[in-house]
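Visitor: Next up, entry.txt (compact mmCIF, C-alpha atoms).
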```
# COMPACT_ATOMS: atom_id res chain seq x y z
CA MET A 1 0.00 0.00 0.00
CA ALA A 2 2.73 2.40 -0.92
CA GLN A 3 0.53 4.43 -3.22
CA SER A 4 -2.16 6.56 -1.62
CA ALA A 5 -5.73 6.58 -2.91
CA ALA A 6 -6.61 9.03 -5.65
CA VAL A 7 -10.06 10.10 -4.49
CA GLU A 8 -12.25 10.28 -1.43
CA PHE A 9 -16.00 9.85 -1.20
CA ARG A 10 -18.55 12.21 0.25
CA ILE A 11 -21.67 10.56 1.59
CA ASP A 12 -24.91 12.51 1.80
CA ARG A 13 -27.32 10.67 4.06
CA ARG A 14 -30.25 12.88 3.19
CA SER A 15 -29.96 12.58 -0.58
CA GLY A 16 -32.31 9.62 -0.84
CA VAL A 17 -29.75 7.90 -3.09
CA ALA A 18 -28.56 4.56 -1.70
CA THR A 19 -25.13 4.95 -0.13
CA TYR A 20 -23.46 2.35 -2.32
CA LEU A 21 -24.84 4.11 -5.41
CA GLN A 22 -23.34 7.39 -4.24
CA ILE A 23 -19.94 5.71 -4.23
CA VAL A 24 -20.55 4.22 -7.68
CA GLN A 25 -21.70 7.57 -9.07
CA GLN A 26 -18.84 9.55 -7.51
CA THR A 27 -16.31 7.08 -8.88
CA LYS A 28 -17.80 7.39 -12.36
CA GLN A 29 -17.85 11.16 -12.07
CA ALA A 30 -14.17 11.15 -11.09
CA LEU A 31 -13.46 8.89 -14.08
CA ARG A 32 -15.31 11.25 -16.41
CA LEU A 33 -13.47 14.26 -15.07
CA GLY A 34 -10.12 12.52 -15.34
CA LEU A 35 -9.57 12.73 -11.56
CA LEU A 36 -9.26 8.94 -11.69
CA GLU A 37 -7.21 7.26 -14.37
CA PRO A 38 -6.47 3.63 -15.22
CA GLY A 39 -3.98 2.28 -12.68
CA ASP A 40 -5.21 4.50 -9.84
CA ARG A 41 -6.09 2.77 -6.59
CA LEU A 42 -9.49 3.34 -5.01
CA PRO A 43 -9.43 3.86 -1.24
CA THR A 44 -9.65 0.64 0.75
CA ALA A 45 -12.91 -0.21 2.53
CA ARG A 46 -11.16 0.61 5.79
CA GLU A 47 -10.11 4.04 4.55
CA VAL A 48 -13.61 4.84 3.29
CA VAL A 49 -15.47 3.72 6.42
CA GLU A 50 -13.04 5.43 8.76
CA ALA A 51 -13.66 8.73 6.99
CA THR A 52 -17.40 8.35 6.38
CA ALA A 53 -18.64 6.09 9.24
CA ILE A 54 -20.62 3.92 6.81
CA ASN A 55 -20.80 0.13 6.89
CA PRO A 56 -17.87 -1.70 5.23
CA ASN A 57 -20.22 -3.96 3.26
CA THR A 58 -21.68 -0.88 1.57
CA VAL A 59 -18.26 0.00 0.18
CA LEU A 60 -17.65 -3.57 -0.95
CA LYS A 61 -21.05 -3.62 -2.66
CA ALA A 62 -20.18 -0.43 -4.55
CA TYR A 63 -16.81 -1.82 -5.61
CA ARG A 64 -18.42 -5.07 -6.77
CA GLU A 65 -20.80 -3.04 -8.90
CA LEU A 66 -17.94 -1.05 -10.43
CA GLU A 67 -16.09 -4.30 -11.05
CA ARG A 68 -19.17 -5.80 -12.71
CA GLU A 69 -19.27 -2.80 -15.04
CA GLY A 70 -15.64 -3.42 -15.94
CA LEU A 71 -14.37 -0.12 -14.57
CA VAL A 72 -12.22 -1.41 -11.72
CA GLU A 73 -10.47 -4.60 -10.75
CA ALA A 74 -9.79 -6.01 -7.30
CA ARG A 75 -6.24 -7.31 -6.90
CA ARG A 76 -5.93 -9.60 -3.96
CA GLY A 77 -4.01 -8.04 -1.08
CA LEU A 78 -3.26 -4.90 -3.07
CA GLY A 79 -6.56 -3.08 -3.41
CA THR A 80 -9.05 -2.08 -6.06
CA PHE A 81 -7.65 -0.45 -9.19
CA VAL A 82 -9.14 1.54 -12.05
CA THR A 83 -8.94 -0.38 -15.32
CA ARG A 84 -10.79 1.86 -17.72
CA ALA A 85 -11.48 5.55 -18.20
CA LEU A 86 -15.00 6.85 -18.82
CA GLY A 87 -16.15 9.28 -21.50
CA GLY A 88 -12.62 9.88 -22.79
CA ALA A 89 -10.84 13.09 -21.88
CA ALA A 90 -13.73 15.26 -23.07
CA ALA A 91 -14.51 16.35 -19.53
CA ALA A 92 -10.98 17.05 -18.36
CA ASP A 93 -10.08 20.54 -17.19
CA ASP A 94 -8.33 21.59 -20.39
CA ALA A 95 -10.68 19.94 -22.91
CA PRO A 96 -12.22 22.16 -25.64
CA LEU A 97 -15.82 21.19 -24.84
CA ARG A 98 -15.34 22.20 -21.24
CA ALA A 99 -13.84 25.52 -22.29
CA GLU A 100 -16.79 26.21 -24.57
CA LEU A 101 -19.24 25.38 -21.80
CA ALA A 102 -17.36 27.60 -19.36
CA ASP A 103 -17.54 30.39 -21.91
CA TRP A 104 -21.28 29.83 -22.33
CA ALA A 105 -21.83 29.82 -18.56
CA GLY A 106 -19.95 33.10 -18.33
CA ARG A 107 -22.16 34.67 -21.00
CA ALA A 108 -25.31 33.37 -19.30
CA ARG A 109 -24.23 35.03 -16.09
CA ALA A 110 -23.38 38.25 -17.85
CA ALA A 111 -26.87 38.17 -19.37
CA GLY A 112 -28.27 38.28 -15.84
CA LEU A 113 -29.18 34.62 -15.29
CA GLU A 114 -28.93 33.25 -11.78
CA ARG A 115 -27.29 29.96 -10.94
CA ASP A 116 -30.62 28.13 -10.73
CA ASP A 117 -31.76 29.60 -14.07
CA VAL A 118 -28.57 28.40 -15.74
CA SER A 119 -28.88 24.99 -14.17
CA ALA A 120 -32.53 24.67 -15.25
CA LEU A 121 -31.70 25.77 -18.79
CA PHE A 122 -28.79 23.38 -19.04
CA THR A 123 -30.85 20.47 -17.71
CA ALA A 124 -33.69 21.24 -20.12
CA VAL A 125 -31.31 21.23 -23.12
CA LEU A 126 -29.63 18.09 -21.80
CA ASP A 127 -32.98 16.31 -21.45
CA LYS A 128 -33.96 17.33 -24.99
CA THR A 129 -30.62 16.25 -26.47
CA PHE A 130 -30.57 12.85 -24.85
CA GLU A 131 -34.32 12.22 -25.09
CA GLY A 132 -35.09 8.54 -25.39
CA ASP A 133 -31.65 7.39 -24.26
CA HIS A 134 -31.45 5.14 -21.28
CA THR A 135 -29.85 6.76 -18.30
CA GLY A 136 -27.20 4.70 -16.65
CA MET B 1 -16.39 -15.49 8.93
CA THR B 2 -19.15 -18.03 9.44
CA GLY B 3 -21.18 -19.11 12.43
CA ALA B 4 -23.13 -17.13 14.92
CA ALA B 5 -21.78 -14.33 17.09
CA ILE B 6 -24.85 -14.56 19.29
CA GLU B 7 -27.54 -17.21 19.36
CA ALA B 8 -30.40 -16.78 21.84
CA VAL B 9 -33.22 -19.25 22.26
CA GLY B 10 -36.33 -18.58 24.36
CA LEU B 11 -34.76 -15.93 26.58
CA GLY B 12 -36.95 -14.77 29.43
CA MET B 13 -36.21 -12.24 32.14
CA THR B 14 -38.29 -10.75 34.92
CA TYR B 15 -37.16 -7.96 37.25
CA ARG B 16 -38.74 -8.20 40.66
CA SER B 17 -37.73 -4.60 41.34
CA ARG B 18 -39.98 -3.51 38.49
CA GLY B 19 -43.01 -5.12 40.06
CA GLY B 20 -42.44 -8.49 38.41
CA ASN B 21 -42.30 -6.81 35.03
CA ARG B 22 -41.38 -9.25 32.27
CA VAL B 23 -38.58 -7.56 30.34
CA LEU B 24 -37.83 -10.38 27.92
CA HIS B 25 -40.21 -13.13 26.98
CA ASP B 26 -39.50 -16.02 24.60
CA CYS B 27 -36.85 -13.96 22.85
CA SER B 28 -34.99 -15.88 20.13
CA PHE B 29 -32.62 -14.72 17.40
CA ARG B 30 -29.29 -15.37 15.79
CA LEU B 31 -26.70 -12.75 14.86
CA PRO B 32 -24.22 -14.03 12.26
CA ALA B 33 -20.56 -13.18 12.82
CA GLY B 34 -19.03 -10.20 11.04
CA ARG B 35 -22.17 -8.06 11.08
CA VAL B 36 -22.67 -4.55 12.38
CA CYS B 37 -26.03 -4.76 14.09
CA ALA B 38 -28.39 -2.05 15.30
CA LEU B 39 -30.32 -3.07 18.38
CA VAL B 40 -33.31 -0.76 18.40
CA GLY B 41 -36.58 -0.48 20.25
CA PRO B 42 -38.53 1.84 22.51
CA ASN B 43 -37.41 2.72 26.03
CA GLY B 44 -37.77 -0.23 28.36
CA ALA B 45 -38.03 -2.73 25.49
CA GLY B 46 -35.27 -4.91 26.90
CA LYS B 47 -32.27 -3.76 24.82
CA SER B 48 -29.94 -3.23 27.80
CA THR B 49 -31.10 -6.46 29.44
CA LEU B 50 -30.40 -8.38 26.25
CA LEU B 51 -26.89 -6.90 25.97
CA ALA B 52 -26.14 -7.57 29.64
CA ILE B 53 -27.22 -11.20 29.22
CA ALA B 54 -25.05 -11.64 26.13
CA ALA B 55 -22.12 -10.06 28.01
CA GLY B 56 -22.61 -12.50 30.89
CA PHE B 57 -23.49 -9.79 33.40
CA LEU B 58 -27.01 -11.11 33.87
CA ARG B 59 -28.21 -14.68 33.92
CA PRO B 60 -31.49 -15.16 32.04
CA ALA B 61 -34.41 -16.61 34.02
CA GLU B 62 -35.36 -18.74 31.02
CA GLY B 63 -33.72 -19.85 27.81
CA THR B 64 -30.14 -20.05 26.65
CA VAL B 65 -27.64 -17.80 24.96
CA ARG B 66 -24.43 -18.80 23.17
CA VAL B 67 -21.81 -16.18 22.36
CA LEU B 68 -19.19 -17.11 19.77
CA GLY B 69 -20.33 -20.68 20.33
CA LEU B 70 -19.69 -20.53 24.11
CA THR B 71 -21.54 -19.59 27.25
CA PRO B 72 -21.18 -15.85 27.94
CA PRO B 73 -18.71 -16.29 30.85
CA ASP B 74 -16.49 -18.54 28.70
CA ALA B 75 -16.58 -16.04 25.83
CA ARG B 76 -15.66 -13.04 28.00
CA ALA B 77 -12.04 -12.88 26.88
CA ARG B 78 -13.15 -12.62 23.26
CA MET B 79 -15.80 -9.94 23.64
CA ALA B 80 -16.02 -6.43 25.00
CA PHE B 81 -19.04 -4.75 26.55
CA VAL B 82 -19.49 -1.05 27.07
CA ALA B 83 -22.44 -0.52 29.40
CA GLN B 84 -24.62 2.55 29.22
CA ASP B 85 -23.08 4.15 32.33
CA LYS B 86 -19.48 3.56 31.06
CA PRO B 87 -18.02 2.15 34.30
CA LEU B 88 -14.37 3.20 34.75
CA TYR B 89 -12.11 3.70 37.77
CA PRO B 90 -12.54 7.39 38.71
CA GLN B 91 -9.20 7.66 40.51
CA LEU B 92 -7.11 6.43 37.57
CA THR B 93 -5.76 8.75 34.87
CA VAL B 94 -6.40 8.18 31.17
CA THR B 95 -2.92 6.70 30.71
CA GLU B 96 -3.32 4.47 33.76
CA THR B 97 -6.68 3.25 32.49
CA LEU B 98 -5.08 2.11 29.23
CA TRP B 99 -2.28 0.50 31.24
CA ALA B 100 -4.92 -1.39 33.23
CA GLY B 101 -6.52 -2.43 29.94
CA ALA B 102 -3.20 -3.82 28.76
CA GLU B 103 -2.61 -5.68 32.05
CA LEU B 104 -6.10 -7.18 32.08
CA ASN B 105 -6.00 -8.25 28.43
CA PRO B 106 -2.38 -9.33 27.91
CA ALA B 107 -3.16 -11.75 25.09
CA SER B 108 -4.96 -9.38 22.75
CA TRP B 109 -4.21 -5.79 23.82
CA ASP B 110 -3.52 -3.33 21.00
CA GLN B 111 -2.10 -0.16 22.52
CA ALA B 112 -1.88 1.71 19.21
CA THR B 113 -5.60 1.25 18.51
CA ALA B 114 -6.51 2.35 22.04
CA GLU B 115 -4.25 5.42 21.83
CA ARG B 116 -5.73 6.47 18.49
CA ILE B 117 -9.10 6.72 20.22
CA THR B 118 -7.85 8.53 23.36
CA GLU B 119 -5.60 10.89 21.43
CA PRO B 120 -7.72 14.02 22.09
CA LEU B 121 -7.81 13.28 25.85
CA PRO B 122 -5.23 14.64 28.31
CA GLY B 123 -3.24 11.54 29.40
CA GLY B 124 -2.66 12.78 32.94
CA ALA B 125 -6.28 13.68 33.65
CA LYS B 126 -8.11 11.57 36.21
CA VAL B 127 -11.22 9.80 34.97
CA ARG B 128 -13.36 11.59 37.57
CA THR B 129 -12.50 14.97 35.99
CA LEU B 130 -13.53 13.87 32.46
CA SER B 131 -16.81 14.88 30.84
CA GLY B 132 -19.42 12.27 29.90
CA GLY B 133 -18.33 12.32 26.28
CA GLN B 134 -14.65 11.98 27.21
CA ARG B 135 -15.47 8.98 29.42
CA THR B 136 -17.32 7.39 26.52
CA ARG B 137 -14.22 7.86 24.38
CA LEU B 138 -12.03 6.23 27.01
CA ALA B 139 -14.47 3.35 27.48
CA LEU B 140 -14.53 2.74 23.72
CA ALA B 141 -10.72 2.88 23.64
CA LEU B 142 -10.61 0.14 26.28
CA ALA B 143 -13.12 -1.95 24.35
CA LEU B 144 -11.34 -1.57 21.00
CA GLY B 145 -7.88 -2.00 22.54
CA LYS B 146 -8.96 -5.42 23.72
CA ARG B 147 -9.36 -6.33 20.04
CA PRO B 148 -12.52 -8.35 20.67
CA GLU B 149 -14.32 -10.57 18.19
CA LEU B 150 -17.64 -9.27 19.46
CA LEU B 151 -18.25 -5.73 20.63
CA LEU B 152 -21.43 -5.01 22.60
CA LEU B 153 -22.19 -1.31 22.96
CA ASP B 154 -25.17 -0.01 24.94
CA GLU B 155 -26.13 3.47 23.72
CA PRO B 156 -22.51 4.23 22.81
CA MET B 157 -23.07 7.55 21.09
CA ALA B 158 -25.57 9.17 23.47
CA ASP B 159 -23.30 11.79 25.06
CA LEU B 160 -20.89 12.47 22.21
CA ASP B 161 -20.77 15.68 20.19
CA PRO B 162 -21.41 15.31 16.43
CA LEU B 163 -17.72 15.37 15.49
CA ALA B 164 -16.73 12.77 18.09
CA ARG B 165 -19.72 10.66 17.12
CA HIS B 166 -18.69 10.63 13.46
CA GLN B 167 -15.05 9.97 14.31
CA LEU B 168 -15.76 7.12 16.74
CA MET B 169 -18.34 5.54 14.47
CA GLY B 170 -15.66 5.69 11.75
CA ALA B 171 -13.20 3.98 14.08
CA LEU B 172 -15.73 1.23 14.83
CA MET B 173 -16.42 0.69 11.13
CA ALA B 174 -12.68 0.56 10.40
CA GLU B 175 -12.29 -2.11 13.09
CA SER B 176 -15.07 -4.12 11.50
CA ALA B 177 -13.62 -3.68 8.00
CA GLU B 178 -10.15 -4.76 9.01
CA HIS B 179 -10.80 -7.53 11.52
CA GLY B 180 -14.35 -8.64 10.74
CA THR B 181 -15.39 -7.67 14.27
CA THR B 182 -19.06 -8.24 15.02
CA ILE B 183 -20.57 -5.11 16.54
CA VAL B 184 -23.93 -4.69 18.28
CA MET B 185 -25.00 -1.13 19.07
CA SER B 186 -28.20 -0.24 20.87
CA SER B 187 -29.93 3.07 20.41
CA HIS B 188 -33.38 4.53 20.23
CA ILE B 189 -32.16 7.13 17.77
CA LEU B 190 -32.20 5.25 14.52
CA THR B 191 -30.58 7.90 12.34
CA GLU B 192 -27.27 7.63 14.18
CA LEU B 193 -27.08 3.94 13.30
CA GLU B 194 -28.64 3.89 9.82
CA GLY B 195 -25.68 3.93 7.35
CA ALA B 196 -23.40 2.13 9.78
CA CYS B 197 -25.39 -1.05 10.42
CA ASP B 198 -26.13 -3.82 7.95
CA TYR B 199 -28.14 -5.91 10.41
CA LEU B 200 -31.10 -5.06 12.54
CA LEU B 201 -32.78 -6.38 15.66
CA LEU B 202 -35.97 -4.61 16.71
CA VAL B 203 -36.80 -5.47 20.31
CA ASP B 204 -40.27 -4.56 21.45
CA GLY B 205 -42.43 -6.01 24.17
CA GLY B 206 -39.63 -8.31 25.28
CA ARG B 207 -39.13 -10.14 22.00
CA ILE B 208 -37.58 -9.70 18.58
CA ARG B 209 -40.09 -8.28 16.12
CA LEU B 210 -37.73 -7.70 13.21
CA GLY B 211 -34.40 -9.43 12.77
CA GLY B 212 -32.08 -9.77 9.82
CA GLU B 213 -30.16 -8.00 7.06
CA THR B 214 -31.42 -4.42 6.91
CA ASP B 215 -31.69 -4.49 3.10
CA ASP B 216 -33.67 -7.73 3.12
CA LEU B 217 -36.04 -6.54 5.84
CA ILE B 218 -36.77 -3.36 3.90
CA ALA B 219 -37.13 -5.23 0.61
CA ALA B 220 -39.71 -7.59 2.13
CA HIS B 221 -42.08 -4.66 2.70
CA THR B 222 -43.95 -2.27 0.43
CA LEU B 223 -45.67 1.03 1.08
CA LEU B 224 -48.99 1.19 -0.76
CA THR B 225 -51.10 4.27 -1.38
CA GLY B 226 -54.23 4.41 -3.47
CA PRO B 227 -57.90 3.49 -3.50
CA VAL B 228 -59.33 1.46 -0.65
CA GLY B 229 -59.16 -2.22 -1.53
CA ASP B 230 -58.47 -5.72 -0.35
CA LEU B 231 -54.85 -6.09 0.79
CA ALA B 232 -54.92 -9.91 0.84
CA PRO B 233 -52.83 -12.01 0.48
CA HIS B 234 -50.23 -9.59 1.87
CA THR B 235 -49.52 -9.37 5.58
CA VAL B 236 -50.67 -5.95 6.71
CA VAL B 237 -48.32 -4.33 9.20
CA GLU B 238 -50.20 -1.06 9.33
CA SER B 239 -52.99 0.50 7.31
CA ARG B 240 -54.87 3.77 7.44
CA THR B 241 -57.87 4.98 5.48
CA THR B 242 -58.46 8.66 4.88
CA GLY B 243 -61.62 9.29 2.86
CA ARG B 244 -61.20 7.12 -0.21
CA GLN B 245 -57.47 6.79 0.14
CA LEU B 246 -55.66 3.87 1.68
CA THR B 247 -52.12 4.01 3.00
CA ALA B 248 -50.61 0.72 4.09
CA LEU B 249 -47.33 -0.90 4.87
CA VAL B 250 -47.50 -4.56 3.92
CA ARG B 251 -45.22 -7.55 3.95
CA ARG B 252 -45.58 -8.87 0.43
CA GLU B 253 -46.82 -12.36 -0.30
CA GLY B 254 -46.17 -12.53 -4.01
CA PRO B 255 -46.44 -9.53 -6.36
CA VAL B 256 -48.69 -6.57 -5.65
CA ASP B 257 -51.83 -6.62 -7.82
CA ALA B 258 -51.22 -3.93 -10.46
CA SER B 259 -54.93 -3.62 -11.33
CA ALA B 260 -55.78 -2.24 -7.87
CA GLY B 261 -54.29 1.10 -8.90
CA TRP B 262 -51.93 1.44 -5.94
CA GLU B 263 -48.76 3.43 -5.94
CA THR B 264 -46.00 1.28 -4.46
CA ALA B 265 -42.75 2.38 -2.85
CA GLU B 266 -40.02 0.84 -0.76
CA PRO B 267 -40.29 2.07 2.83
CA SER B 268 -37.38 3.76 4.52
CA LEU B 269 -35.90 1.98 7.52
CA GLU B 270 -37.51 4.57 9.77
CA GLU B 271 -40.96 4.06 8.20
CA LEU B 272 -40.55 0.32 8.63
CA LEU B 273 -39.66 0.61 12.32
CA LEU B 274 -42.32 3.18 13.15
CA ALA B 275 -45.03 1.12 11.44
CA HIS B 276 -44.06 -1.90 13.54
CA LEU B 277 -43.89 0.10 16.76
CA ARG B 278 -47.36 1.53 16.11
CA SER B 279 -48.73 -1.94 15.37
CA PRO B 280 -47.83 -4.25 18.26
CA ASP B 281 -49.92 -7.07 16.75
CA ALA B 282 -48.03 -7.26 13.46
CA PRO B 283 -46.35 -10.68 13.28
CA PRO B 284 -42.57 -10.78 13.76
CA LEU B 285 -40.26 -11.25 10.78
CA LEU B 286 -36.85 -12.87 11.07
CA THR B 287 -34.83 -13.50 7.93
CA PRO B 288 -33.36 -17.02 7.61
CA SER B 289 -29.97 -15.91 8.95
CA ALA B 290 -31.58 -14.43 12.09
CA ASP B 291 -34.06 -17.23 12.70
CA THR B 292 -32.82 -19.84 15.16
CA ARG B 293 -35.09 -22.44 13.58
CA THR B 294 -33.26 -22.36 10.23
CA ARG B 295 -29.94 -23.84 11.15
CA GLU B 296 -28.69 -24.60 7.64
CA ALA B 297 -29.04 -21.02 6.51
CA VAL B 298 -26.04 -19.80 8.49
CA SER B 299 -23.35 -21.49 6.47
CA ALA B 300 -24.93 -20.21 3.27
CA ALA B 301 -25.12 -16.63 4.50
```
In structure tokens, write the structure found in this file.

Guide:
Amino acid sequence: MAQSAAVEFRIDRRSGVATYLQIVQQTKQALRLGLLEPGDRLPTAREVVEATAINPNTVLKAYRELEREGLVEARRGLGTFVTRALGGAAAADDAPLRAELADWAGRARAAGLERDDVSALFTAVLDKTFEGDHTG
Amino acid sequence: MTGAAIEAVGLGMTYRSRGGNRVLHDCSFRLPAGRVCALVGPNGAGKSTLLAIAAGFLRPAEGTVRVLGLTPPDARARMAFVAQDKPLYPQLTVTETLWAGAELNPASWDQATAERITEPLPGGAKVRTLSGGQRTRLALALALGKRPELLLLDEPMADLDPLARHQLMGALMAESAEHGTTIVMSSHILTELEGACDYLLLVDGGRIRLGGETDDLIAAHTLLTGPVGDLAPHTVVESRTTGRQLTALVRREGPVDASAGWETAEPSLEELLLAHLRSPDAPPLLTPSADTRTREAVSAA
């Protein structure tokens, strides 16, 4: 365990989303944003539960789900490692799409839109664009 | 980890000091090893009595209990019990208390684990000068330092501030993750245990009314809302009718009839517990791993 974990999880008990799903979703989000890359180690169950006070089996369930989806791999005695990136590098900090979106957000603000307005607008367009797709 | 951490069959207990009040009556359950179990129930339901019996501090009037496959006195070296009043020696300092822990548990004592828990406490302070929350911390340090296979905690978080509560719950979960320690925690505040526990025992009226894997217990029930109708063949835990609308929490027997026009939802753990507490006549439910009559189920679990 020489290498330290690349991310940490934040558990929101009031979100209504099952705790193990929060871990799955946050891992995927980190993969999309390039915060996690292939070869990175996820925190051990011990590390996660010590920081979040959730049940160890919840962490293991989340990791099994990520493993089932082919995103991570458990290596006996070593930990759980990322095997695959998600969504390419399109979401990384320096990617062109992100820059364009940041530019658009800036213009929306300058036009007098509040944060909630921008969020609602973005979600509406997103829903329209991906209409009919299955959400994962 | 296989086998049972606790197996109780037909436990009965009466306190003469409470006017012959029967605290436990025909109380049977099994807790598989390696689980983190919430022991919940209303005040006076028998939670503390049950823990004290498992710890070997009380002898049940009826029935038997096996802890880690042994009688409670024989299992004492392998378990730790933190009682509600956190008994400690008031004249010892924090450091001396840990020293006593090491002397009393020479085979298993883990000083580093104990010191991680007592780290915020002044080592030279006498126990009698500590606050309630600080005493709880020291008592938990003693219990964890013993490196037990079974940890019995009676209302462990009651007098801790939110930060200490989170930190100590994290330490308990880490212990369970690393060593597979079985933990039983009693509380009447469910929210402080929800996330941390994967097993549940609801004690009410002296017996176990719900016992088993939290997820399975929740999944066995459905919340129904919709037009008034016949709820058979489902077991009704609780139902209310307001005008033409029916709200019910049922234990499903087969699929819910879609033609009845009911909205169905999975109850939250809190909804499940409250419905049972409001309905004392609802039949008990123990999953196979918690039911002492299904012996084969343990090895499969």

Visitor: Name all residues at most 9 Å from Thr97 of chain B (count all atoms listed in the file; drop same-chain ones fewer than 6 positions away) and give them as a PyMOL selection string.

Guide: chain B and resi 88-89+127+138+142

Visitor: Just the residues within 6 Å of Ser187 of chain B, please, counting all atoms listed in the file, with nothing from its chain fewer than 2 positions along; format it as a PyMOL selection string.

Guide: chain B and resi 40+155+189

Visitor: Rank nothing, just name the residue among B:Arg30, B:Arg78, B:Arg252, B:Lys86 nearest to Ile218 of chain B, using only C-alpha atoms.

Guide: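 For Ile218 of chain B, the nearest of the given residues is B:Arg252.
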
Visitor: With a cut-off of 12 Å, could you pull out the residues of chain A touching chain B and give me the nearest pair of atoms for each, distance in Å to one decimal, using all atoms listed in the file, ordered by chain and ascending number, as a Markdown table?

Guide:
```
| residue | atom | partner | partner_atom | distance |
| --- | --- | --- | --- | --- |
| A:Ile11 | CA | B:Gly195 | CA | 9.7 |
| A:Asp12 | CA | B:Gly195 | CA | 10.2 |
| A:Arg13 | CA | B:Gly195 | CA | 7.7 |
| A:Arg14 | CA | B:Thr191 | CA | 10.4 |
| A:Gly16 | CA | B:Ser268 | CA | 9.4 |
| A:Val17 | CA | B:Ser268 | CA | 11.5 |
| A:Ala18 | CA | B:Gly195 | CA | 9.5 |
| A:Thr19 | CA | B:Gly195 | CA | 7.6 |
| A:Tyr20 | CA | B:Gly195 | CA | 10.0 |
| A:Thr44 | CA | B:Ala177 | CA | 9.3 |
| A:Ala45 | CA | B:Ala177 | CA | 6.5 |
| A:Arg46 | CA | B:Ala174 | CA | 4.9 |
| A:Glu47 | CA | B:Ala174 | CA | 7.3 |
| A:Val48 | CA | B:Ala174 | CA | 8.4 |
| A:Val49 | CA | B:Met173 | CA | 5.7 |
| A:Glu50 | CA | B:Gly170 | CA | 4.0 |
| A:Ala51 | CA | B:Gly170 | CA | 6.0 |
| A:Thr52 | CA | B:Gly170 | CA | 6.2 |
| A:Ala53 | CA | B:Gly170 | CA | 3.9 |
| A:Ile54 | CA | B:Ala196 | CA | 4.4 |
| A:Asn55 | CA | B:Ala196 | CA | 4.4 |
| A:Pro56 | CA | B:Ala177 | CA | 5.4 |
| A:Asn57 | CA | B:Asp198 | CA | 7.5 |
| A:Thr58 | CA | B:Asp198 | CA | 8.3 |
| A:Val59 | CA | B:Ala177 | CA | 9.8 |
| A:Leu60 | CA | B:Ala177 | CA | 9.8 |
| A:Lys61 | CA | B:Asp198 | CA | 11.8 |
```

Visitor: Here is a test: counting only C-alpha atoms, which residue of B:Ala265, B:Ala275, B:Ile208, B:Val23 is nearest to Thr292 of chain B?

Guide: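 Looking at the shortest contact to Thr292 of chain B, the residue is B:Ile208.
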
Visitor: Select, from B:Gly44, B:Leu39, B:Arg76, B:Thr136, the residue with the minimum atom-to-atom distance to Phe57 of chain B, counting all atoms listed in the file.

Guide: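 Closest to Phe57 of chain B of all the choices is B:Arg76.
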
Visitor: Could you state the separation of atom CA of Ala45 of chain B and atom CA of Arg207 of chain B in Å, given to one decimal place?

Guide: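 These two atoms are separated by 8.3 Å.
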
Visitor: Find the residue from A:Val125, A:Ala5, A:Leu97, A:Val82 that sits nearest to Lys28 of chain A; use all atoms listed in the file when measuring.

Guide: A:Val82

Visitor: Between B:Leu273, B:Ala107, B:Leu200, B:Val94, which one has atoms that come closest to Arg147 of chain B, using only C-alpha atoms?

Guide: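 The closest residue to Arg147 of chain B is B:Ala107.
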